[in-house]
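As provided, coords-v7.txt (compact mmCIF, N, CA and C atoms and all ligand atoms) reads as follows.
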```
# COMPACT_ATOMS: atom_id res chain seq x y z
N MET A 23 0.85 -1.21 0.00
CA MET A 23 0.00 0.00 0.00
C MET A 23 0.88 1.25 0.00
N GLY A 24 0.59 2.13 -0.89
CA GLY A 24 1.35 3.38 -0.95
C GLY A 24 0.86 4.37 0.10
N VAL A 25 1.68 5.33 0.34
CA VAL A 25 1.31 6.39 1.28
C VAL A 25 0.55 7.45 0.50
N LEU A 26 -0.51 7.97 1.07
CA LEU A 26 -1.25 9.05 0.43
C LEU A 26 -0.35 10.28 0.29
N LYS A 27 -0.38 10.84 -0.90
CA LYS A 27 0.43 12.04 -1.12
C LYS A 27 -0.45 13.16 -1.64
N ARG A 28 -0.19 14.36 -1.16
CA ARG A 28 -0.93 15.52 -1.63
C ARG A 28 0.04 16.57 -2.16
N LEU A 29 -0.41 17.21 -3.22
CA LEU A 29 0.32 18.34 -3.78
C LEU A 29 -0.29 19.62 -3.22
N TYR A 30 0.58 20.52 -2.78
CA TYR A 30 0.15 21.87 -2.40
C TYR A 30 0.89 22.82 -3.31
N TYR A 31 0.13 23.63 -4.05
CA TYR A 31 0.78 24.50 -5.04
C TYR A 31 0.15 25.88 -5.05
N CYS A 32 1.01 26.88 -4.97
CA CYS A 32 0.53 28.28 -4.99
C CYS A 32 1.13 28.99 -6.19
N PRO A 33 0.30 29.34 -7.18
CA PRO A 33 0.81 30.03 -8.36
C PRO A 33 1.34 31.43 -8.04
N ALA A 34 0.89 32.02 -6.94
CA ALA A 34 1.29 33.40 -6.63
C ALA A 34 2.75 33.47 -6.17
N CYS A 35 3.14 32.62 -5.24
CA CYS A 35 4.51 32.68 -4.71
C CYS A 35 5.37 31.52 -5.20
N GLY A 36 4.74 30.55 -5.88
CA GLY A 36 5.50 29.44 -6.45
C GLY A 36 5.78 28.31 -5.49
N GLU A 37 5.25 28.39 -4.29
CA GLU A 37 5.49 27.31 -3.33
C GLU A 37 4.87 26.01 -3.84
N GLU A 38 5.63 24.94 -3.79
CA GLU A 38 5.16 23.64 -4.25
C GLU A 38 5.64 22.58 -3.28
N ILE A 39 4.70 21.88 -2.66
CA ILE A 39 5.06 20.88 -1.66
C ILE A 39 4.29 19.60 -1.99
N ILE A 40 4.97 18.47 -1.96
CA ILE A 40 4.29 17.18 -2.04
C ILE A 40 4.59 16.44 -0.74
N THR A 41 3.54 16.06 -0.04
CA THR A 41 3.72 15.50 1.30
C THR A 41 2.59 14.55 1.65
N ASP A 42 2.84 13.70 2.63
CA ASP A 42 1.77 12.85 3.15
C ASP A 42 1.08 13.52 4.34
N LYS A 43 1.51 14.73 4.67
CA LYS A 43 0.91 15.44 5.80
C LYS A 43 -0.19 16.37 5.32
N HIS A 44 -1.12 16.65 6.21
CA HIS A 44 -2.16 17.63 5.89
C HIS A 44 -1.69 19.01 6.30
N LEU A 45 -1.38 19.80 5.30
CA LEU A 45 -0.94 21.17 5.57
C LEU A 45 -2.12 22.11 5.41
N TYR A 46 -1.97 23.30 5.91
CA TYR A 46 -2.96 24.36 5.71
C TYR A 46 -4.35 23.99 6.21
N GLN A 47 -4.41 23.16 7.26
CA GLN A 47 -5.72 22.81 7.81
C GLN A 47 -6.36 24.05 8.42
N GLY A 48 -7.66 24.18 8.18
CA GLY A 48 -8.39 25.34 8.67
C GLY A 48 -8.22 26.56 7.79
N ARG A 49 -7.48 26.43 6.71
CA ARG A 49 -7.26 27.56 5.80
C ARG A 49 -7.89 27.29 4.44
N GLU A 50 -8.76 26.27 4.37
CA GLU A 50 -9.43 25.96 3.11
C GLU A 50 -10.37 27.10 2.73
N THR A 51 -10.40 27.44 1.47
CA THR A 51 -11.26 28.54 1.02
C THR A 51 -12.43 28.03 0.18
N LEU A 52 -12.18 27.12 -0.73
CA LEU A 52 -13.27 26.54 -1.51
C LEU A 52 -12.81 25.27 -2.17
N ILE A 53 -13.80 24.45 -2.59
CA ILE A 53 -13.45 23.19 -3.24
C ILE A 53 -13.93 23.23 -4.68
N ASN A 54 -13.09 22.72 -5.57
CA ASN A 54 -13.40 22.68 -6.99
C ASN A 54 -13.48 21.21 -7.37
N ILE A 55 -14.69 20.73 -7.67
CA ILE A 55 -14.85 19.29 -7.91
C ILE A 55 -14.48 18.89 -9.33
N GLY A 56 -14.09 19.84 -10.16
CA GLY A 56 -13.67 19.52 -11.52
C GLY A 56 -14.85 19.15 -12.39
N ASP A 57 -14.57 18.59 -13.57
CA ASP A 57 -15.65 18.29 -14.51
C ASP A 57 -16.07 16.82 -14.43
N GLY A 58 -15.50 16.07 -13.50
CA GLY A 58 -15.92 14.68 -13.32
C GLY A 58 -15.25 13.70 -14.25
N TRP A 59 -14.43 14.16 -15.16
CA TRP A 59 -13.73 13.24 -16.05
C TRP A 59 -12.28 13.12 -15.65
N ASN A 60 -11.43 13.92 -16.25
CA ASN A 60 -10.01 13.80 -15.96
C ASN A 60 -9.51 14.75 -14.90
N SER A 61 -10.28 15.79 -14.64
CA SER A 61 -9.74 16.80 -13.74
C SER A 61 -9.93 16.37 -12.29
N PRO A 62 -8.93 16.61 -11.49
CA PRO A 62 -8.97 16.17 -10.10
C PRO A 62 -9.79 17.12 -9.22
N VAL A 63 -10.17 16.62 -8.08
CA VAL A 63 -10.77 17.50 -7.08
C VAL A 63 -9.66 18.38 -6.51
N ILE A 64 -9.86 19.67 -6.58
CA ILE A 64 -8.86 20.60 -6.05
C ILE A 64 -9.43 21.34 -4.85
N MET A 65 -8.72 21.24 -3.74
CA MET A 65 -9.10 22.00 -2.55
C MET A 65 -8.25 23.26 -2.52
N HIS A 66 -8.92 24.39 -2.52
CA HIS A 66 -8.17 25.64 -2.47
C HIS A 66 -7.95 26.05 -1.02
N TYR A 67 -6.88 26.75 -0.79
CA TYR A 67 -6.55 27.20 0.56
C TYR A 67 -5.84 28.54 0.51
N ARG A 68 -5.80 29.19 1.64
CA ARG A 68 -5.10 30.47 1.72
C ARG A 68 -3.64 30.20 2.08
N CYS A 69 -2.78 30.53 1.13
CA CYS A 69 -1.34 30.33 1.31
C CYS A 69 -0.80 31.34 2.32
N HIS A 70 0.39 31.06 2.84
CA HIS A 70 1.00 32.02 3.78
C HIS A 70 1.31 33.35 3.10
N CYS A 71 1.36 33.37 1.76
CA CYS A 71 1.63 34.62 1.04
C CYS A 71 0.36 35.45 0.89
N GLY A 72 -0.80 34.90 1.30
CA GLY A 72 -2.04 35.65 1.22
C GLY A 72 -2.95 35.25 0.09
N ASN A 73 -2.42 34.50 -0.87
CA ASN A 73 -3.23 34.03 -1.99
C ASN A 73 -4.28 33.02 -1.51
N LYS A 74 -5.56 33.31 -1.82
CA LYS A 74 -6.64 32.43 -1.37
C LYS A 74 -6.94 31.32 -2.37
N LEU A 75 -6.26 31.31 -3.50
CA LEU A 75 -6.54 30.31 -4.53
C LEU A 75 -5.37 29.38 -4.79
N ALA A 76 -4.53 29.22 -3.78
CA ALA A 76 -3.55 28.14 -3.86
C ALA A 76 -4.35 26.84 -3.89
N GLY A 77 -3.80 25.79 -4.50
CA GLY A 77 -4.59 24.58 -4.69
C GLY A 77 -3.88 23.33 -4.20
N SER A 78 -4.69 22.39 -3.70
CA SER A 78 -4.17 21.13 -3.21
C SER A 78 -4.96 19.99 -3.83
N ALA A 79 -4.26 18.91 -4.20
CA ALA A 79 -4.94 17.76 -4.79
C ALA A 79 -4.22 16.48 -4.40
N ASP A 80 -4.98 15.38 -4.38
CA ASP A 80 -4.41 14.07 -4.12
C ASP A 80 -3.56 13.64 -5.32
N VAL A 81 -2.30 13.36 -5.10
CA VAL A 81 -1.43 12.93 -6.20
C VAL A 81 -0.79 11.57 -5.90
N THR A 82 -1.49 10.78 -5.11
CA THR A 82 -0.96 9.48 -4.67
C THR A 82 -0.53 8.61 -5.85
N ASP A 83 -1.38 8.49 -6.85
CA ASP A 83 -1.06 7.63 -8.00
C ASP A 83 -0.82 8.45 -9.26
N VAL A 84 -0.35 9.66 -9.09
CA VAL A 84 -0.17 10.57 -10.22
C VAL A 84 1.32 10.70 -10.52
N ASN A 85 1.68 10.56 -11.78
CA ASN A 85 3.10 10.68 -12.15
C ASN A 85 3.47 12.15 -12.39
N HIS A 86 4.73 12.36 -12.76
CA HIS A 86 5.25 13.72 -12.96
C HIS A 86 4.39 14.53 -13.93
N PHE A 87 3.98 13.88 -15.03
CA PHE A 87 3.21 14.61 -16.04
C PHE A 87 1.82 14.98 -15.50
N GLY A 88 1.26 14.05 -14.74
CA GLY A 88 -0.04 14.33 -14.14
C GLY A 88 0.03 15.49 -13.16
N ILE A 89 1.12 15.54 -12.40
CA ILE A 89 1.30 16.63 -11.44
C ILE A 89 1.42 17.96 -12.16
N GLU A 90 2.15 17.98 -13.29
CA GLU A 90 2.26 19.22 -14.07
C GLU A 90 0.89 19.65 -14.58
N LYS A 91 0.06 18.68 -14.96
CA LYS A 91 -1.29 19.00 -15.45
C LYS A 91 -2.14 19.63 -14.33
N ILE A 92 -2.02 19.06 -13.14
CA ILE A 92 -2.78 19.60 -12.01
C ILE A 92 -2.31 21.02 -11.69
N LYS A 93 -1.01 21.24 -11.74
CA LYS A 93 -0.48 22.59 -11.48
C LYS A 93 -1.00 23.58 -12.52
N ALA A 94 -1.05 23.16 -13.79
CA ALA A 94 -1.57 24.02 -14.85
C ALA A 94 -3.04 24.35 -14.59
N CYS A 95 -3.76 23.36 -14.09
CA CYS A 95 -5.17 23.53 -13.78
C CYS A 95 -5.35 24.56 -12.65
N ILE A 96 -4.52 24.48 -11.63
CA ILE A 96 -4.59 25.43 -10.51
C ILE A 96 -4.25 26.84 -11.01
N GLU A 97 -3.25 26.94 -11.89
CA GLU A 97 -2.87 28.24 -12.45
C GLU A 97 -4.01 28.84 -13.27
N GLU A 98 -4.70 27.98 -14.01
CA GLU A 98 -5.80 28.45 -14.85
C GLU A 98 -6.93 29.02 -13.99
N ILE A 99 -7.25 28.32 -12.91
CA ILE A 99 -8.30 28.79 -12.00
C ILE A 99 -7.90 30.14 -11.42
N GLN A 100 -6.63 30.25 -11.03
CA GLN A 100 -6.11 31.51 -10.46
C GLN A 100 -6.26 32.65 -11.47
N ASP A 101 -5.84 32.41 -12.70
CA ASP A 101 -5.89 33.45 -13.74
C ASP A 101 -7.32 33.88 -14.03
N GLU A 102 -8.21 32.91 -14.14
CA GLU A 102 -9.61 33.23 -14.45
C GLU A 102 -10.23 34.03 -13.32
N ALA A 103 -9.91 33.70 -12.09
CA ALA A 103 -10.48 34.40 -10.94
C ALA A 103 -10.02 35.84 -10.90
N ILE A 104 -8.76 36.08 -11.25
CA ILE A 104 -8.23 37.44 -11.21
C ILE A 104 -8.86 38.30 -12.29
N GLU A 105 -9.27 37.65 -13.41
CA GLU A 105 -9.87 38.43 -14.49
C GLU A 105 -11.27 38.91 -14.16
N LEU A 106 -11.94 38.28 -13.20
CA LEU A 106 -13.33 38.66 -12.89
C LEU A 106 -13.43 40.06 -12.30
ZN ZN B 201 1.66 31.53 -1.91
```

Conversion result in structure tokens:
Amino acid sequence: MGVLKRLYYCPACGEEIITDKHLYQGRETLINIGDGWNSPVIMHYRCHCGNKLAGSADVTDVNHFGIEKIKACIEEIQDEAIEL
């Protein structure tokens, strides 16, 4: 059995952490359930830099390319939100 791993990524300050620990507890801002196909569930949280749209996702069985895709997805959400 593998250890659960989560990606924490903030497009604003560039912080990127992959860990089996739950970081940023109590700092969740909103959840993005994705489109139900390929996109992962992303939990957004308020980063220590103040960005409320940093994103976290389960990457337990996700390879390097999958992680890059999730990061791109978090960046896209961030960009779209700023445009509103
Ligand atoms: Zn940040």

Report, in Å with one decimal, the straight-line distance from atom C of A:Arg28 to atom C of A:Ile104. 25.6 Å

Mind dumping a table of every chain A residue within 6 Å of ligand ZN 201 (chain B), with the nearest atom pair and its distance in Å to one decimal, using all atoms listed in the file, sorted by chain and rising number, as CSV?
```
residue,atom,partner,partner_atom,distance
A:Cys32,CA,B:ZN201,ZN,4.6
A:Pro33,N,B:ZN201,ZN,5.9
A:Ala34,C,B:ZN201,ZN,4.8
A:Cys35,N,B:ZN201,ZN,3.8
A:Gly36,N,B:ZN201,ZN,5.1
A:Glu37,N,B:ZN201,ZN,5.3
A:Cys69,CA,B:ZN201,ZN,4.6
A:His70,N,B:ZN201,ZN,4.9
A:Cys71,N,B:ZN201,ZN,4.1
A:Gly72,N,B:ZN201,ZN,5.3
A:Asn73,N,B:ZN201,ZN,5.2
```

Chain A: which residues are alpha helix (DSSP H) by DSSP, as a list in words?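 Answer for chain A restricted to alpha helix (DSSP H) is His86, Phe87, Gly88, Ile89, Glu90, Lys91, Ile92, Lys93, Ala94, Cys95, Ile96, Glu97, Glu98, Ile99, Gln100, Asp101, Glu102, Ala103, Ile104 and Glu105 of chain A.
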
When DSSP is applied to the backbone of this structure, which of chain A are assigned strand (DSSP E)? Write them out as a list in words. Arg28, Leu29, Tyr30, Tyr31, Glu38, Ile39, Ile40, Thr41, Glu50, Thr51, Leu52, Ile53, Asn54, Ile64, Met65, His66, Tyr67, Ala76, Gly77, Ser78, Ala79 and Asp80 of chain A

Selection file, N, CA and C atoms, as a PDB file, in the frame of the given file:
```pdb
ATOM      1  N   ARG A  28      -0.190  14.360  -1.160  1.00  0.00           N
ATOM      2  CA  ARG A  28      -0.930  15.520  -1.630  1.00  0.00           C
ATOM      3  C   ARG A  28       0.040  16.570  -2.160  1.00  0.00           C
ATOM      4  N   LEU A  29      -0.410  17.210  -3.220  1.00  0.00           N
ATOM      5  CA  LEU A  29       0.320  18.340  -3.780  1.00  0.00           C
ATOM      6  C   LEU A  29      -0.290  19.620  -3.220  1.00  0.00           C
ATOM      7  N   TYR A  30       0.580  20.520  -2.780  1.00  0.00           N
ATOM      8  CA  TYR A  30       0.150  21.870  -2.400  1.00  0.00           C
ATOM      9  C   TYR A  30       0.890  22.820  -3.310  1.00  0.00           C
ATOM     10  N   TYR A  31       0.130  23.630  -4.050  1.00  0.00           N
ATOM     11  CA  TYR A  31       0.780  24.500  -5.040  1.00  0.00           C
ATOM     12  C   TYR A  31       0.150  25.880  -5.050  1.00  0.00           C
ATOM     13  N   GLU A  38       5.630  24.940  -3.790  1.00  0.00           N
ATOM     14  CA  GLU A  38       5.160  23.640  -4.250  1.00  0.00           C
ATOM     15  C   GLU A  38       5.640  22.580  -3.280  1.00  0.00           C
ATOM     16  N   ILE A  39       4.700  21.880  -2.660  1.00  0.00           N
ATOM     17  CA  ILE A  39       5.060  20.880  -1.660  1.00  0.00           C
ATOM     18  C   ILE A  39       4.290  19.600  -1.990  1.00  0.00           C
ATOM     19  N   ILE A  40       4.970  18.470  -1.960  1.00  0.00           N
ATOM     20  CA  ILE A  40       4.290  17.180  -2.040  1.00  0.00           C
ATOM     21  C   ILE A  40       4.590  16.440  -0.740  1.00  0.00           C
ATOM     22  N   THR A  41       3.540  16.060  -0.040  1.00  0.00           N
ATOM     23  CA  THR A  41       3.720  15.500   1.300  1.00  0.00           C
ATOM     24  C   THR A  41       2.590  14.550   1.650  1.00  0.00           C
ATOM     25  N   GLU A  50      -8.760  26.270   4.370  1.00  0.00           N
ATOM     26  CA  GLU A  50      -9.430  25.960   3.110  1.00  0.00           C
ATOM     27  C   GLU A  50     -10.370  27.100   2.730  1.00  0.00           C
ATOM     28  N   THR A  51     -10.400  27.440   1.470  1.00  0.00           N
ATOM     29  CA  THR A  51     -11.260  28.540   1.020  1.00  0.00           C
ATOM     30  C   THR A  51     -12.430  28.030   0.180  1.00  0.00           C
ATOM     31  N   LEU A  52     -12.180  27.120  -0.730  1.00  0.00           N
ATOM     32  CA  LEU A  52     -13.270  26.540  -1.510  1.00  0.00           C
ATOM     33  C   LEU A  52     -12.810  25.270  -2.170  1.00  0.00           C
ATOM     34  N   ILE A  53     -13.800  24.450  -2.590  1.00  0.00           N
ATOM     35  CA  ILE A  53     -13.450  23.190  -3.240  1.00  0.00           C
ATOM     36  C   ILE A  53     -13.930  23.230  -4.680  1.00  0.00           C
ATOM     37  N   ASN A  54     -13.090  22.720  -5.570  1.00  0.00           N
ATOM     38  CA  ASN A  54     -13.400  22.680  -6.990  1.00  0.00           C
ATOM     39  C   ASN A  54     -13.480  21.210  -7.370  1.00  0.00           C
ATOM     40  N   ILE A  64      -9.860  19.670  -6.580  1.00  0.00           N
ATOM     41  CA  ILE A  64      -8.860  20.600  -6.050  1.00  0.00           C
ATOM     42  C   ILE A  64      -9.430  21.340  -4.850  1.00  0.00           C
ATOM     43  N   MET A  65      -8.720  21.240  -3.740  1.00  0.00           N
ATOM     44  CA  MET A  65      -9.100  22.000  -2.550  1.00  0.00           C
ATOM     45  C   MET A  65      -8.250  23.260  -2.520  1.00  0.00           C
ATOM     46  N   HIS A  66      -8.920  24.390  -2.520  1.00  0.00           N
ATOM     47  CA  HIS A  66      -8.170  25.640  -2.470  1.00  0.00           C
ATOM     48  C   HIS A  66      -7.950  26.050  -1.020  1.00  0.00           C
ATOM     49  N   TYR A  67      -6.880  26.750  -0.790  1.00  0.00           N
ATOM     50  CA  TYR A  67      -6.550  27.200   0.560  1.00  0.00           C
ATOM     51  C   TYR A  67      -5.840  28.540   0.510  1.00  0.00           C
ATOM     52  N   ALA A  76      -4.530  29.220  -3.780  1.00  0.00           N
ATOM     53  CA  ALA A  76      -3.550  28.140  -3.860  1.00  0.00           C
ATOM     54  C   ALA A  76      -4.350  26.840  -3.890  1.00  0.00           C
ATOM     55  N   GLY A  77      -3.800  25.790  -4.500  1.00  0.00           N
ATOM     56  CA  GLY A  77      -4.590  24.580  -4.690  1.00  0.00           C
ATOM     57  C   GLY A  77      -3.880  23.330  -4.200  1.00  0.00           C
ATOM     58  N   SER A  78      -4.690  22.390  -3.700  1.00  0.00           N
ATOM     59  CA  SER A  78      -4.170  21.130  -3.210  1.00  0.00           C
ATOM     60  C   SER A  78      -4.960  19.990  -3.830  1.00  0.00           C
ATOM     61  N   ALA A  79      -4.260  18.910  -4.200  1.00  0.00           N
ATOM     62  CA  ALA A  79      -4.940  17.760  -4.790  1.00  0.00           C
ATOM     63  C   ALA A  79      -4.220  16.480  -4.400  1.00  0.00           C
ATOM     64  N   ASP A  80      -4.980  15.380  -4.380  1.00  0.00           N
ATOM     65  CA  ASP A  80      -4.410  14.070  -4.120  1.00  0.00           C
ATOM     66  C   ASP A  80      -3.560  13.640  -5.320  1.00  0.00           C
TER      67      ASP A  80
END
```

If we draw a sphere of 10 Å around (-11.7, 29.4, -9.3), which residues have at least one atom in it when counting only C-alpha atoms? Please report them as a list of chain:residue names.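 Here the neighbourhood of the point contains A:Leu52, A:Ile53, A:Asn54, A:Ile64, A:His66, A:Lys74, A:Leu75, A:Ala76, A:Gly77, A:Cys95, A:Ile96, A:Glu97, A:Glu98, A:Ile99, A:Gln100, A:Asp101, A:Glu102, A:Ala103, A:Ile104.
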
Atomic distance atom CA of A:Arg49 - atom N of A:Val63, expressed in Å with one decimal: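 Those two atoms sit 17.9 Å apart.
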
Gap from atom N of A:Tyr31 to atom CA of A:Ala79 - Å, one decimal: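 Taking atom N of A:Tyr31 and atom CA of A:Ala79, their separation equals 7.8 Å.
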
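Minimum atom-to-atom distance to A:Ala94, evaluated using only C-alpha atoms, belongs to A:Ser61 out of A:Ile40, A:Leu26, A:Ile55, A:Ser61.
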
Could you tell me which of A:Val81, A:Ile89, A:Leu45, A:Ile39 comes closest to A:Arg68 if we count only C-alpha atoms? A:Leu45
